[in-house]
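work.tsv, holding TSV, C-alpha atoms:
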```tsv
chain	number	residue	atom	x	y	z
A	134	MET	CA	0.00	0.00	0.00
A	135	THR	CA	1.35	3.43	-0.94
A	136	HIS	CA	1.11	6.33	1.46
A	137	HIS	CA	2.36	9.90	1.33
A	138	ALA	CA	5.53	9.94	3.43
A	139	PRO	CA	6.98	13.38	2.70
A	140	VAL	CA	9.88	13.71	5.17
A	141	ILE	CA	13.47	12.99	4.15
A	142	LEU	CA	15.59	13.11	7.32
A	143	ASP	CA	19.18	12.40	8.34
A	144	ILE	CA	20.91	10.16	10.87
A	145	ALA	CA	23.76	10.98	13.22
A	146	SER	CA	26.38	8.32	12.70
A	147	THR	CA	27.61	5.29	10.75
A	148	THR	CA	25.04	2.94	12.30
A	149	LEU	CA	21.39	3.25	13.28
A	150	ASN	CA	20.54	3.77	16.93
A	151	ALA	CA	17.15	3.08	18.50
A	152	ALA	CA	15.95	6.66	17.97
A	153	ASP	CA	16.92	6.53	14.28
A	154	LYS	CA	14.90	3.34	13.81
A	155	LEU	CA	11.83	4.90	15.41
A	156	ARG	CA	12.08	7.96	13.16
A	157	LEU	CA	12.59	5.86	10.04
A	158	ALA	CA	9.56	3.73	10.93
A	159	HIS	CA	7.37	6.84	11.32
A	160	PRO	CA	4.60	6.81	8.69
A	161	LEU	CA	5.53	10.32	7.51
A	162	THR	CA	9.17	9.40	6.87
A	163	GLY	CA	9.85	8.67	3.22
A	164	GLY	CA	13.61	8.46	3.15
A	165	VAL	CA	16.99	9.35	4.58
A	166	ILE	CA	19.77	11.60	3.27
A	167	LEU	CA	23.34	10.53	4.00
A	168	PHE	CA	26.38	12.73	4.61
A	169	ALA	CA	30.13	12.23	4.96
A	170	ARG	CA	29.67	11.60	8.70
A	171	ASN	CA	27.68	8.49	7.80
A	172	TRP	CA	30.65	7.07	5.87
A	173	GLN	CA	33.52	4.94	7.11
A	174	ASP	CA	34.09	2.52	4.25
A	175	ARG	CA	32.14	0.58	1.63
A	176	ALA	CA	31.36	-2.39	3.86
A	177	GLN	CA	29.98	-0.10	6.58
A	178	LEU	CA	27.92	1.90	4.07
A	179	LEU	CA	26.38	-1.23	2.58
A	180	LYS	CA	25.55	-2.54	6.06
A	181	LEU	CA	24.00	0.82	7.02
A	182	CYS	CA	21.84	0.89	3.89
A	183	LYS	CA	20.67	-2.68	4.51
A	184	SER	CA	19.73	-1.76	8.09
A	185	ILE	CA	17.71	1.20	6.79
A	186	LYS	CA	15.85	-1.03	4.32
A	187	ALA	CA	15.23	-3.52	7.13
A	188	VAL	CA	13.17	-0.85	8.90
A	189	ARG	CA	11.12	-0.19	5.73
A	190	ASP	CA	12.07	-1.37	2.29
A	191	ASP	CA	10.30	1.56	0.59
A	192	LEU	CA	12.54	4.18	2.23
A	193	LEU	CA	14.49	6.20	-0.35
A	194	ILE	CA	18.20	6.36	0.55
A	195	CYS	CA	19.55	9.63	-0.85
A	196	VAL	CA	22.82	11.54	-0.98
A	197	ASP	CA	24.26	14.73	-2.49
A	198	HIS	CA	26.87	13.09	-4.72
A	199	GLU	CA	27.49	15.28	-7.76
A	200	GLY	CA	31.24	15.12	-8.31
A	201	GLY	CA	33.87	17.76	-7.62
A	202	ARG	CA	33.55	19.35	-4.19
A	203	VAL	CA	30.08	17.87	-3.57
A	204	GLN	CA	30.83	14.18	-3.20
A	205	ARG	CA	30.17	12.52	0.14
A	206	PHE	CA	32.12	9.28	-0.38
A	207	LYS	CA	35.67	9.64	-1.73
A	208	THR	CA	37.75	6.78	-0.33
A	209	ASP	CA	37.86	2.96	-0.33
A	210	GLY	CA	37.57	2.71	-4.09
A	211	PHE	CA	35.04	5.45	-4.89
A	212	THR	CA	36.01	7.32	-8.05
A	213	HIS	CA	36.78	11.02	-7.61
A	214	LEU	CA	34.30	12.38	-10.12
A	215	PRO	CA	35.05	15.67	-11.91
A	216	PRO	CA	33.10	18.85	-11.19
A	217	MET	CA	30.45	19.44	-13.82
A	218	ARG	CA	32.31	22.48	-15.13
A	219	ALA	CA	34.99	20.07	-16.44
A	220	LEU	CA	32.37	18.64	-18.79
A	221	GLY	CA	31.43	22.12	-19.97
A	222	GLU	CA	35.09	22.88	-20.63
A	223	LEU	CA	35.44	19.66	-22.61
A	224	TRP	CA	32.52	20.80	-24.77
A	225	LEU	CA	34.57	23.87	-25.80
A	226	GLN	CA	37.56	21.80	-26.93
A	227	ASP	CA	36.21	21.60	-30.44
A	228	GLY	CA	39.33	21.00	-32.50
A	229	LYS	CA	41.12	23.29	-34.92
A	230	ALA	CA	38.44	23.10	-37.57
A	231	GLY	CA	35.54	23.46	-35.12
A	232	GLN	CA	34.21	20.12	-36.30
A	233	GLY	CA	32.02	19.57	-33.23
A	234	ALA	CA	34.13	16.88	-31.59
A	235	GLY	CA	34.18	18.75	-28.28
A	236	ALA	CA	30.41	18.61	-27.86
A	237	MET	CA	30.30	14.91	-28.70
A	238	ASN	CA	33.19	14.07	-26.38
A	239	ALA	CA	31.57	16.07	-23.59
A	240	THR	CA	28.18	14.37	-23.88
A	241	ARG	CA	29.89	10.97	-23.95
A	242	ALA	CA	31.91	11.89	-20.85
A	243	ALA	CA	28.74	13.13	-19.11
A	244	THR	CA	27.04	9.79	-19.69
A	245	ALA	CA	30.13	8.02	-18.33
A	246	SER	CA	30.11	10.28	-15.24
A	247	GLY	CA	26.47	9.54	-14.55
A	248	TYR	CA	26.99	5.81	-14.95
A	249	VAL	CA	30.05	5.64	-12.68
A	250	LEU	CA	28.35	7.81	-10.07
A	251	ALA	CA	25.18	5.73	-9.98
A	252	ALA	CA	26.77	2.29	-10.30
A	253	GLU	CA	29.17	2.88	-7.40
A	254	LEU	CA	26.45	4.27	-5.15
A	255	ARG	CA	24.05	1.46	-5.96
A	256	ALA	CA	26.75	-1.14	-5.30
A	257	CYS	CA	26.85	0.24	-1.74
A	258	GLY	CA	23.07	0.30	-1.27
A	259	VAL	CA	22.34	3.98	-2.02
A	260	ASP	CA	19.22	4.54	-4.13
A	261	PHE	CA	19.37	8.12	-5.32
A	262	SER	CA	21.60	11.18	-5.73
A	263	PHE	CA	20.43	14.79	-5.93
A	264	THR	CA	21.99	15.47	-9.34
A	265	PRO	CA	22.34	17.06	-11.91
A	266	VAL	CA	22.82	20.75	-11.10
A	267	LEU	CA	21.06	22.79	-13.81
A	268	ASP	CA	22.08	26.22	-12.52
A	269	LEU	CA	23.90	28.42	-15.01
A	270	ASP	CA	27.46	29.51	-14.36
A	271	PHE	CA	27.27	33.30	-14.29
A	272	GLY	CA	30.59	33.46	-12.44
A	273	GLU	CA	28.94	35.14	-9.43
A	274	SER	CA	27.71	32.37	-7.14
A	275	GLY	CA	30.30	30.84	-4.83
A	276	VAL	CA	27.90	28.14	-3.66
A	277	ILE	CA	27.28	27.01	-7.26
A	278	GLY	CA	30.58	27.81	-9.01
A	279	ASP	CA	32.10	24.77	-10.70
A	280	ARG	CA	29.08	22.64	-9.79
A	281	ALA	CA	27.45	24.12	-12.92
A	282	PHE	CA	28.12	22.68	-16.37
A	283	ALA	CA	28.26	26.00	-18.23
A	284	ARG	CA	26.74	29.44	-18.74
A	285	ASP	CA	24.80	28.48	-21.89
A	286	PRO	CA	21.46	26.79	-21.02
A	287	ARG	CA	21.65	24.75	-24.23
A	288	VAL	CA	24.98	23.25	-23.22
A	289	VAL	CA	23.68	22.66	-19.68
A	290	SER	CA	20.60	20.88	-21.01
A	291	LEU	CA	22.45	18.52	-23.32
A	292	LEU	CA	25.16	17.66	-20.80
A	293	ALA	CA	22.54	17.13	-18.09
A	294	LYS	CA	20.49	14.89	-20.39
A	295	SER	CA	23.62	12.84	-21.12
A	296	LEU	CA	24.43	12.54	-17.41
A	297	VAL	CA	20.84	11.46	-16.69
A	298	HIS	CA	21.23	8.79	-19.38
A	299	GLY	CA	24.28	7.50	-17.51
A	300	LEU	CA	22.36	7.42	-14.24
A	301	LEU	CA	19.58	5.43	-15.89
A	302	LEU	CA	22.06	2.90	-17.30
A	303	ALA	CA	22.78	2.01	-13.68
A	304	GLY	CA	19.09	2.11	-12.71
A	305	MET	CA	19.15	5.46	-10.85
A	306	LYS	CA	16.71	8.36	-11.25
A	307	SER	CA	17.65	12.06	-11.41
A	308	CYS	CA	16.98	15.38	-9.68
A	309	GLY	CA	17.42	18.71	-11.45
A	310	LYS	CA	18.31	21.58	-9.14
A	311	HIS	CA	17.83	24.38	-8.19
A	312	PHE	CA	14.63	25.47	-10.00
A	313	PRO	CA	14.28	28.00	-11.58
A	314	GLY	CA	17.98	28.88	-11.13
A	315	HIS	CA	20.42	29.71	-8.34
A	316	GLY	CA	23.42	30.70	-10.45
A	317	PHE	CA	22.63	34.40	-10.94
A	318	VAL	CA	22.59	35.42	-7.27
A	319	ARG	CA	25.74	35.74	-5.20
A	320	ALA	CA	24.27	35.06	-1.75
A	321	ASP	CA	24.38	31.51	-0.35
A	322	SER	CA	20.91	30.31	0.68
A	323	HIS	CA	22.48	28.15	3.39
A	324	HIS	CA	23.20	31.37	5.30
A	325	ASP	CA	21.18	34.17	3.62
A	326	ILE	CA	18.03	34.72	1.60
A	327	PRO	CA	19.17	35.42	-1.97
A	328	VAL	CA	17.03	37.79	-4.04
A	329	ASP	CA	16.95	37.67	-7.85
A	330	LYS	CA	15.23	40.78	-9.23
A	331	ARG	CA	14.98	39.71	-12.86
A	332	SER	CA	11.67	39.35	-14.67
A	333	LEU	CA	9.87	36.06	-15.18
A	334	LYS	CA	10.43	36.40	-18.92
A	335	ALA	CA	14.19	36.72	-18.45
A	336	ILE	CA	14.40	33.77	-16.05
A	337	LEU	CA	12.30	31.46	-18.24
A	338	ALA	CA	14.33	32.36	-21.33
A	339	ASP	CA	17.64	31.64	-19.62
A	340	ASP	CA	17.98	29.92	-16.22
A	341	ALA	CA	14.76	27.89	-16.36
A	342	ALA	CA	15.17	26.87	-20.01
A	343	PRO	CA	16.82	23.51	-19.13
A	344	TYR	CA	13.74	22.49	-17.13
A	345	ASP	CA	11.57	23.18	-20.17
A	346	TRP	CA	13.87	21.43	-22.64
A	347	LEU	CA	14.53	18.40	-20.43
A	348	GLY	CA	10.90	17.99	-19.37
A	349	ASP	CA	10.20	14.53	-18.02
A	350	SER	CA	13.73	13.39	-18.83
A	351	LEU	CA	14.13	14.63	-15.25
A	352	HIS	CA	12.51	12.43	-12.62
A	353	SER	CA	12.49	15.05	-9.88
A	354	VAL	CA	13.26	18.71	-9.25
A	355	MET	CA	14.52	20.66	-6.25
A	356	PRO	CA	13.56	24.35	-6.14
A	357	ALA	CA	15.87	27.08	-4.94
A	358	HIS	CA	15.60	28.89	-1.61
A	359	VAL	CA	15.74	32.12	-3.64
A	360	VAL	CA	13.18	34.94	-3.78
A	361	TYR	CA	12.26	36.24	-7.24
A	362	PRO	CA	10.17	39.29	-6.21
A	363	LYS	CA	8.89	40.06	-9.72
A	364	VAL	CA	7.21	36.64	-9.67
A	365	ASP	CA	6.41	35.94	-5.99
A	366	SER	CA	7.44	37.29	-2.59
A	367	ARG	CA	8.11	33.75	-1.35
A	368	PRO	CA	11.18	31.63	-2.16
A	369	ALA	CA	10.51	29.28	-5.08
A	370	GLY	CA	10.24	26.19	-2.85
A	371	PHE	CA	7.34	27.75	-0.95
A	372	SER	CA	5.62	29.31	-3.95
A	373	SER	CA	2.56	27.76	-5.60
A	374	ARG	CA	3.12	30.28	-8.40
A	375	TRP	CA	6.52	28.76	-9.17
A	376	LEU	CA	5.73	25.11	-8.46
A	377	GLY	CA	2.09	24.88	-9.51
A	378	ASP	CA	1.53	27.53	-12.16
A	379	ILE	CA	4.98	27.58	-13.78
A	380	LEU	CA	6.79	24.28	-13.18
A	381	ARG	CA	3.77	21.97	-13.43
A	382	GLY	CA	1.40	24.18	-15.42
A	383	GLN	CA	3.47	26.13	-17.92
A	384	LEU	CA	6.42	23.71	-18.21
A	385	GLY	CA	4.33	20.55	-17.81
A	386	PHE	CA	6.61	18.83	-15.31
A	387	SER	CA	5.02	15.70	-13.80
A	388	GLY	CA	7.84	14.25	-11.66
A	389	ALA	CA	8.55	14.62	-7.96
A	390	VAL	CA	9.41	17.91	-6.27
A	391	PHE	CA	11.69	18.00	-3.22
A	392	SER	CA	12.11	21.02	-1.01
A	393	ASP	CA	15.69	22.04	-0.39
A	394	ASP	CA	16.92	21.65	3.19
A	395	LEU	CA	14.43	23.27	5.59
A	396	SER	CA	17.24	24.07	8.02
A	397	MET	CA	18.85	26.52	5.57
A	398	ALA	CA	18.47	30.23	6.25
A	399	GLY	CA	16.61	30.64	2.96
A	400	ALA	CA	13.83	28.39	4.29
A	401	ARG	CA	13.41	29.94	7.71
A	402	LEU	CA	11.88	33.28	6.69
A	403	ILE	CA	8.57	33.21	4.84
A	404	ASP	CA	6.42	36.29	4.21
A	405	GLY	CA	8.80	38.26	6.41
A	406	GLN	CA	8.23	35.99	9.40
A	407	GLN	CA	10.57	33.53	11.10
A	408	VAL	CA	9.01	30.08	10.88
A	409	THR	CA	9.48	26.72	12.58
A	410	TYR	CA	10.51	23.61	10.67
A	411	THR	CA	6.91	22.41	10.80
A	412	GLN	CA	5.61	25.69	9.42
A	413	ALA	CA	8.21	25.60	6.65
A	414	ALA	CA	7.34	21.99	5.80
A	415	VAL	CA	3.60	22.73	5.66
A	416	ALA	CA	4.24	25.77	3.46
A	417	ALA	CA	6.37	23.70	1.10
A	418	LEU	CA	3.79	20.91	0.87
A	419	GLN	CA	0.96	23.39	0.35
A	420	ALA	CA	2.96	25.07	-2.42
A	421	GLY	CA	3.39	21.81	-4.32
A	422	CYS	CA	6.40	19.97	-2.93
A	423	ASP	CA	5.95	16.21	-2.68
A	424	MET	CA	8.77	15.77	-0.16
A	425	VAL	CA	10.61	17.97	2.33
A	426	LEU	CA	14.22	17.63	3.49
A	427	LEU	CA	15.48	18.32	6.99
A	428	CYS	CA	19.25	17.89	7.15
A	429	ASN	CA	21.91	17.92	9.85
A	430	GLN	CA	19.40	18.03	12.71
A	431	SER	CA	19.86	14.49	14.06
A	432	LEU	CA	22.97	15.79	15.84
A	433	GLU	CA	21.14	18.61	17.65
A	434	GLY	CA	19.78	17.68	21.07
A	435	GLY	CA	19.58	14.00	20.19
A	436	GLY	CA	17.41	14.74	17.19
A	437	GLU	CA	14.69	16.62	19.05
A	438	LEU	CA	14.11	18.93	16.08
A	439	VAL	CA	13.53	15.95	13.78
A	440	ASP	CA	10.97	14.57	16.24
A	441	GLU	CA	9.43	18.02	16.46
A	442	LEU	CA	8.96	18.08	12.67
A	443	LEU	CA	7.43	14.60	12.53
A	444	ASP	CA	5.10	15.37	15.43
A	445	GLY	CA	4.28	18.82	14.05
A	446	LEU	CA	3.40	17.49	10.60
A	447	THR	CA	1.21	14.83	12.18
A	448	GLN	CA	-0.70	17.48	14.10
A	449	ALA	CA	-0.90	19.72	11.02
A	450	GLN	CA	-2.40	16.83	9.07
A	451	LEU	CA	-4.97	16.15	11.79
A	452	LYS	CA	-5.92	19.84	11.76
A	453	GLY	CA	-6.29	19.84	7.99
A	454	HIS	CA	-3.38	22.21	7.31
A	455	TRP	CA	-2.03	19.76	4.74
A	456	GLN	CA	-3.43	16.56	3.28
A	457	PRO	CA	-1.58	13.42	2.14
A	458	ASP	CA	-1.61	13.01	-1.60
A	459	ASP	CA	-1.63	9.67	-3.43
A	460	THR	CA	0.10	11.22	-6.45
A	461	SER	CA	2.95	12.47	-4.24
A	462	ALA	CA	3.25	9.00	-2.73
A	463	ALA	CA	3.55	7.46	-6.18
A	464	ARG	CA	6.14	10.02	-7.25
A	465	ARG	CA	8.36	9.12	-4.29
A	466	LEU	CA	8.12	5.39	-4.95
A	467	ALA	CA	8.92	5.98	-8.63
A	468	LEU	CA	12.34	7.29	-7.57
A	469	LEU	CA	13.41	3.95	-6.14
A	470	PRO	CA	16.03	2.38	-8.41
A	471	ALA	CA	15.24	-0.05	-11.18
A	472	GLY	CA	16.92	-3.42	-11.57
A	473	GLN	CA	19.36	-5.35	-9.43
A	474	ALA	CA	22.15	-3.35	-7.79
A	475	PRO	CA	25.62	-4.44	-8.95
A	476	ASP	CA	28.04	-6.25	-6.70
A	477	TRP	CA	31.09	-4.03	-6.14
A	478	ASP	CA	33.65	-6.69	-7.07
A	479	ASP	CA	31.75	-7.58	-10.23
A	480	LEU	CA	31.48	-3.89	-11.11
A	481	MET	CA	35.25	-3.44	-10.85
A	482	VAL	CA	35.83	-5.92	-13.69
A	483	ASP	CA	32.79	-4.96	-15.78
A	484	ALA	CA	33.84	-3.86	-19.27
A	485	GLY	CA	31.24	-1.08	-19.48
A	486	TYR	CA	32.27	0.36	-16.13
A	487	MET	CA	35.98	0.27	-16.99
A	488	ARG	CA	35.28	1.95	-20.32
A	489	ALA	CA	33.28	4.67	-18.52
A	490	LEU	CA	36.24	5.33	-16.22
A	491	ASP	CA	38.45	5.89	-19.26
A	492	LEU	CA	36.01	8.46	-20.62
A	493	LEU	CA	35.95	10.69	-17.54
A	494	PRO	CA	37.64	14.06	-18.08
```
If you took the structure in this file and wrote it as structure tokens, what would it be?
Amino acid sequence: MTHHAPVILDIASTTLNAADKLRLAHPLTGGVILFARNWQDRAQLLKLCKSIKAVRDDLLICVDHEGGRVQRFKTDGFTHLPPMRALGELWLQDGKAGQGAGAMNATRAATASGYVLAAELRACGVDFSFTPVLDLDFGESGVIGDRAFARDPRVVSLLAKSLVHGLLLAGMKSCGKHFPGHGFVRADSHHDIPVDKRSLKAILADDAAPYDWLGDSLHSVMPAHVVYPKVDSRPAGFSSRWLGDILRGQLGFSGAVFSDDLSMAGARLIDGQQVTYTQAAVAALQAGCDMVLLCNQSLEGGGELVDELLDGLTQAQLKGHWQPDDTSAARRLALLPAGQAPDWDDLMVDAGYMRALDLLP
């Protein structure tokens, strides 16, 4: 039986404790996001993932594992993946005659990157990575920087589509972020509330173009904790204008929508008011998010803030402030990986995997 379990939470250590198991068993918990603190080695990670699935086999095990500086697991055999900018730079290496070889080499390398990323994660029990980044590289945002493929939305779209193809070859789904675009603003939404004063027309023609062109090639989307005041006074992840009218209505997106981390500064001020995690979660769900993330809170006070969110959402549901949605439940389940996960030792001698390693920039 499917049920709407919108909360993606974190755990404190490399193993599950009793409190973790209770939170993961909560009917509103839909998954867990892992961080570097949850990593010791491959054997430990695989054991941890199996223990999570033993609590509930439908839980989605997620990680931010993009390559470059955003890669949670880097030792014990994990490939150091390139930042996405390296793929954009490869695109520009077009040969003396401009014969187009650079673009073809870059898309091939992007597919290889996606395959290596997904195959290695799946071999250790991880279901899903929040990738690819679709933000444009305007050269202003420190938090995005070399995580972006390129400045040109056409290049970003084709490289992202190639990377998504690689993910799918290993049975993993994708997440485009950060809708409609985080690359133009300098402020970091982890610590501030970025404001992008451009018009809707300008944003749709440029930053948001990859979401239109990729369409349902993307399986999920994560909106930005950025305010675009000419469109809505709320950050995109709390805006029914952005998520309902534009993303789903105008662009026709039908996949899952995750909130970005509710503990970030950009999520804690809505309509000029400081909000609790529960209030932020309800606002995100009401705006059109299917799932909400709360990260790095299992370490605070023994995870009291995670319990507060689960309890608060339960009460909000009972009071009718948000209602479970069968479509959202189905979207979450659709992100679980397809096919049998590879065995690590078998993967290391697989011809396709070894060829993909050779193609990385």
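Summary of the local environment: counting all atoms listed in the file, residues at most 7 Å from region 215-220 of chain A, other than itself and those fewer than 4 positions away along its chain, are A:Gly200, A:Gly201, A:Trp224, A:Ala239, A:Ala243, A:Asp279, A:Arg280, A:Ala281, A:Phe282, A:Ala283, A:Pro494.
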*Quick one: pull the distance between CA of Met397 (chain A) and CA of Ile326 (chain A), Å, one decimal.*
9.1 Å
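Between CA of Leu451 (chain A) and CA of Met424 (chain A) the separation is 18.2 Å.
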*Contacts of Ser262 (chain A) at 9 Å (all atoms listed in the file; same-chain gap of 4+ positions) as a PyMOL selection string*: chain A and resi 194-199+250-251+254+305-308
*asked:* So, with all atoms listed in the file as the atoms that count, which of A:Gly258, A:Pro327, A:Gly163, A:Gly235 lies closest to Lys180 (chain A)?
replied: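 Counting all atoms listed in the file, the residue closest to Lys180 (chain A) is A:Gly258.
With CA of Asn429 (chain A) on one side and CA of Pro160 (chain A) on the other, the separation reads 20.6 Å.
The nearest approach to His454 (chain A) among the residues A:Val140, A:Ala252, A:Ala420, A:His311, with all atoms listed in the file taken into account, belongs to A:Ala420.
Counting all atoms listed in the file and comparing A:Ile336, A:Leu192, A:Val390, A:Cys428, the residue that lies closest to Leu167 (chain A) is A:Cys428.
Nearest to Ile144 (chain A) of all the residues A:Leu432, A:Leu446, A:Ala462, A:Ala245 is A:Leu432, counting only C-alpha atoms.
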_Shortest interatomic distance to Ala357 (chain A) - which of A:Phe371, A:Tyr410, A:Tyr344, A:Phe261, counting only C-alpha atoms_ = A:Phe371
*Show me as a ChimeraX atom specification the residues that reach within 8 Å of (9.8, 30.9, 4.4), counting all atoms listed in the file and using the file's own coordinates.*
/A:367-368,371,399-408,413,416
_Selected residue of minimal separation from Leu179 (chain A) among A:Gly299, A:Gly304, A:Gly348, A:Pro475, counting all atoms listed in the file_ = A:Pro475
*Could you give me, as number ranges by chain, the residues within 8 Å of Glu253 (chain A), counting only C-alpha atoms and dropping anything in the same chain fewer than 4 positions from it?*
A: 211, 249, 257, 477
*What residues have an atom no more than 12 Å from (30.0, 16.3, -26.2) in the file's own frame, counting all atoms listed in the file, and can you write them as a ChimeraX atom specification?*
/A:219-227,232-245,282,288-296,492-494
Supply region 150-162 of chain A as a compact mmCIF listing (two decimals), in the frame of the given file, with N, CA, C and O atoms built in where the input has gaps.
```txt
# COMPACT_ATOMS: atom_id res chain seq x y z
N ASN A 150 20.85 4.00 15.52
CA ASN A 150 20.54 3.77 16.93
C ASN A 150 19.03 3.58 17.07
O ASN A 150 18.28 3.64 16.09
N ALA A 151 18.57 3.36 18.28
CA ALA A 151 17.15 3.08 18.50
C ALA A 151 16.27 4.25 18.08
O ALA A 151 15.19 4.05 17.49
N ALA A 152 16.74 5.48 18.35
CA ALA A 152 15.95 6.66 17.97
C ALA A 152 15.84 6.78 16.45
O ALA A 152 14.79 7.14 15.91
N ASP A 153 16.95 6.51 15.75
CA ASP A 153 16.92 6.53 14.28
C ASP A 153 15.87 5.57 13.76
O ASP A 153 15.10 5.91 12.85
N LYS A 154 15.83 4.36 14.30
CA LYS A 154 14.90 3.34 13.81
C LYS A 154 13.45 3.76 14.03
O LYS A 154 12.59 3.53 13.17
N LEU A 155 13.19 4.40 15.16
CA LEU A 155 11.83 4.90 15.41
C LEU A 155 11.44 5.97 14.40
O LEU A 155 10.32 5.99 13.89
N ARG A 156 12.38 6.89 14.11
CA ARG A 156 12.08 7.96 13.16
C ARG A 156 11.89 7.41 11.76
O ARG A 156 11.00 7.85 11.02
N LEU A 157 12.72 6.44 11.37
CA LEU A 157 12.59 5.86 10.04
C LEU A 157 11.30 5.07 9.89
O LEU A 157 10.76 4.96 8.78
N ALA A 158 10.81 4.50 10.98
CA ALA A 158 9.56 3.73 10.93
C ALA A 158 8.33 4.63 10.96
O ALA A 158 7.22 4.15 10.73
N HIS A 159 8.51 5.92 11.24
CA HIS A 159 7.37 6.84 11.32
C HIS A 159 6.65 6.88 9.97
O HIS A 159 7.29 6.94 8.91
N PRO A 160 5.32 6.86 9.97
CA PRO A 160 4.60 6.81 8.69
C PRO A 160 4.80 8.03 7.80
O PRO A 160 4.53 7.95 6.60
N LEU A 161 5.28 9.14 8.34
CA LEU A 161 5.53 10.32 7.51
C LEU A 161 6.95 10.38 6.98
O LEU A 161 7.28 11.27 6.21
N THR A 162 7.80 9.44 7.38
CA THR A 162 9.17 9.40 6.87
C THR A 162 9.21 8.63 5.56
O THR A 162 8.76 7.49 5.48
```
